[in-house]
Amino acid sequence: MKKTFFAKVYDVARRIPKGKVATYKDIARLAGNPKAQRAVGMAMKNNPDIKIVPCHRVVGSDGKMHGYSAKGGIASKIRLLKKEGVVFVENRVNLNISRWNKLKG
DNA sequence: CATTTGACAGGAA
DNA sequence: CTTCCTGCCAAAT
């Protein structure tokens, strides 16, 4: 049973801890292909269930976010992240602090 | 099998 | 800082 790349992406996205965010690139890398960040974005948008995949914890490499398939769109995404404790600066995530996998869990 | 899609990333101007 | 272009990918059509 070979998992599709999307399945791996969902699996990785699910293990993002609360209060942290990961970049599309990070997920692509953890999913097995560091260059497949575009496919990662596609997976998010094609997400099977927004409830089991915390897509809102996935942001761009700059801490900027591009979209959100769930209700409310980006605005809601920002709000959720803030609520979880992610550090924001203006409309950007402070990856230096809130990036997952950075160091020492 | 060919083409299109995009919630990317990195670089250049 | 913004805008435009290029490279790359897997899934969908």
# chains A, B, ... in the order shown; residues from 1 in each chain; ligands from 1
>>> residues_around(residues="B:DT3", least_positions_apart="2", cutoff="12 Å", atoms="only C-alpha atoms (C1' of nucleotides)", output="list in words")
DC1 and DT5 of chain B; DA12 and DT13 of chain C
>>> closest_atom_pairs(of="chain B", to="chain A", cutoff="7 Å", atoms="only C-alpha atoms (C1' of nucleotides)", output="tab-separated table")
residue	atom	partner	partner_atom	distance
B:DG6	C1'	A:Met42	CA	6.4
B:DA7	C1'	A:Gly67	CA	4.4
B:DC8	C1'	A:Arg38	CA	5.0
>>> select_by_dssp(residues="chain A", states="alpha helix (DSSP H)", output="PyMOL selection string")
chain A and resi 5-14+24-31+37-45+73-84+95-98
>>> interface_residues(of="chain C", to="chain A", cutoff="7 Å", atoms="only C-alpha atoms (C1' of nucleotides)", output="PyMOL selection string")
chain C and resi 8-10
>>> write_last_selection(atoms="N, CA and C atoms (P, O5', C5', C4', C3', O3' and C1' of nucleotides)", output="tab-separated table (two decimals), in the first residue's frame")
chain	number	residue	atom	x	y	z
C	8	DC	P	14.45	22.86	-12.30
C	8	DC	O5'	13.37	22.18	-11.36
C	8	DC	C5'	13.40	22.38	-9.96
C	8	DC	C4'	12.06	22.07	-9.33
C	8	DC	C3'	11.38	20.83	-9.93
C	8	DC	O3'	11.69	19.68	-9.15
C	8	DC	C1'	9.84	22.60	-9.40
C	9	DC	P	11.25	18.27	-9.72
C	9	DC	O5'	9.80	18.12	-9.07
C	9	DC	C5'	9.65	18.24	-7.67
C	9	DC	C4'	8.19	18.29	-7.29
C	9	DC	C3'	7.37	17.16	-7.93
C	9	DC	O3'	7.10	16.17	-6.96
C	9	DC	C1'	6.22	19.28	-7.99
C	10	DA	P	6.75	14.68	-7.40
C	10	DA	O5'	5.17	14.68	-7.15
C	10	DA	C5'	4.68	14.84	-5.83
C	10	DA	C4'	3.19	15.08	-5.85
C	10	DA	C3'	2.42	13.91	-6.47
C	10	DA	O3'	1.25	13.66	-5.71
C	10	DA	C1'	2.00	15.92	-7.68
>>> select_by_dssp(residues="stretch 15-74 of chain A", states="strand (DSSP E)", output="list in words")
Ala22, Thr23, Val58 and Val59 of chain A
>>> write_last_selection(atoms="N, CA and C atoms", output="mmCIF file, in the first residue's frame")
data_model
loop_
_atom_site.group_PDB
_atom_site.id
_atom_site.type_symbol
_atom_site.label_atom_id
_atom_site.label_comp_id
_atom_site.auth_asym_id
_atom_site.auth_seq_id
_atom_site.Cartn_x
_atom_site.Cartn_y
_atom_site.Cartn_z
ATOM 1 N N ALA A 22 4.295 25.449 10.505
ATOM 2 C CA ALA A 22 5.320 24.894 9.617
ATOM 3 C C ALA A 22 5.148 25.528 8.253
ATOM 4 N N THR A 23 6.227 25.598 7.523
ATOM 5 C CA THR A 23 6.144 26.161 6.183
ATOM 6 C C THR A 23 5.846 25.043 5.184
ATOM 7 N N VAL A 58 -0.106 25.900 8.680
ATOM 8 C CA VAL A 58 0.857 25.886 7.571
ATOM 9 C C VAL A 58 0.899 27.269 6.923
ATOM 10 N N VAL A 59 2.083 27.847 6.909
ATOM 11 C CA VAL A 59 2.244 29.188 6.336
ATOM 12 C C VAL A 59 3.400 29.197 5.335
#
>>> atom_distance(atom1="atom CA of A:Val9", atom2="atom C1' of B:DG11")
26.9 Å
>>> decode(residues="chain C", atoms="C-alpha atoms (C1' of nucleotides)", output="PDB file, in the first residue's frame")
ATOM      1  C1'  DC C   1       9.092  47.092   0.099  1.00  0.00           C
ATOM      2  C1'  DT C   2       6.671  45.511  -4.287  1.00  0.00           C
ATOM      3  C1'  DT C   3       6.398  43.285  -8.649  1.00  0.00           C
ATOM      4  C1'  DC C   4       7.736  39.978 -12.152  1.00  0.00           C
ATOM      5  C1'  DC C   5       9.940  35.761 -13.623  1.00  0.00           C
ATOM      6  C1'  DT C   6      11.753  31.089 -13.259  1.00  0.00           C
ATOM      7  C1'  DG C   7      12.051  26.286 -11.319  1.00  0.00           C
ATOM      8  C1'  DC C   8       9.836  22.596  -9.404  1.00  0.00           C
ATOM      9  C1'  DC C   9       6.219  19.285  -7.989  1.00  0.00           C
ATOM     10  C1'  DA C  10       1.996  15.916  -7.679  1.00  0.00           C
ATOM     11  C1'  DA C  11      -2.820  15.685  -8.589  1.00  0.00           C
ATOM     12  C1'  DA C  12      -6.685  16.688 -11.451  1.00  0.00           C
ATOM     13  C1'  DT C  13      -8.798  17.108 -15.969  1.00  0.00           C
TER      14       DT C  13
END
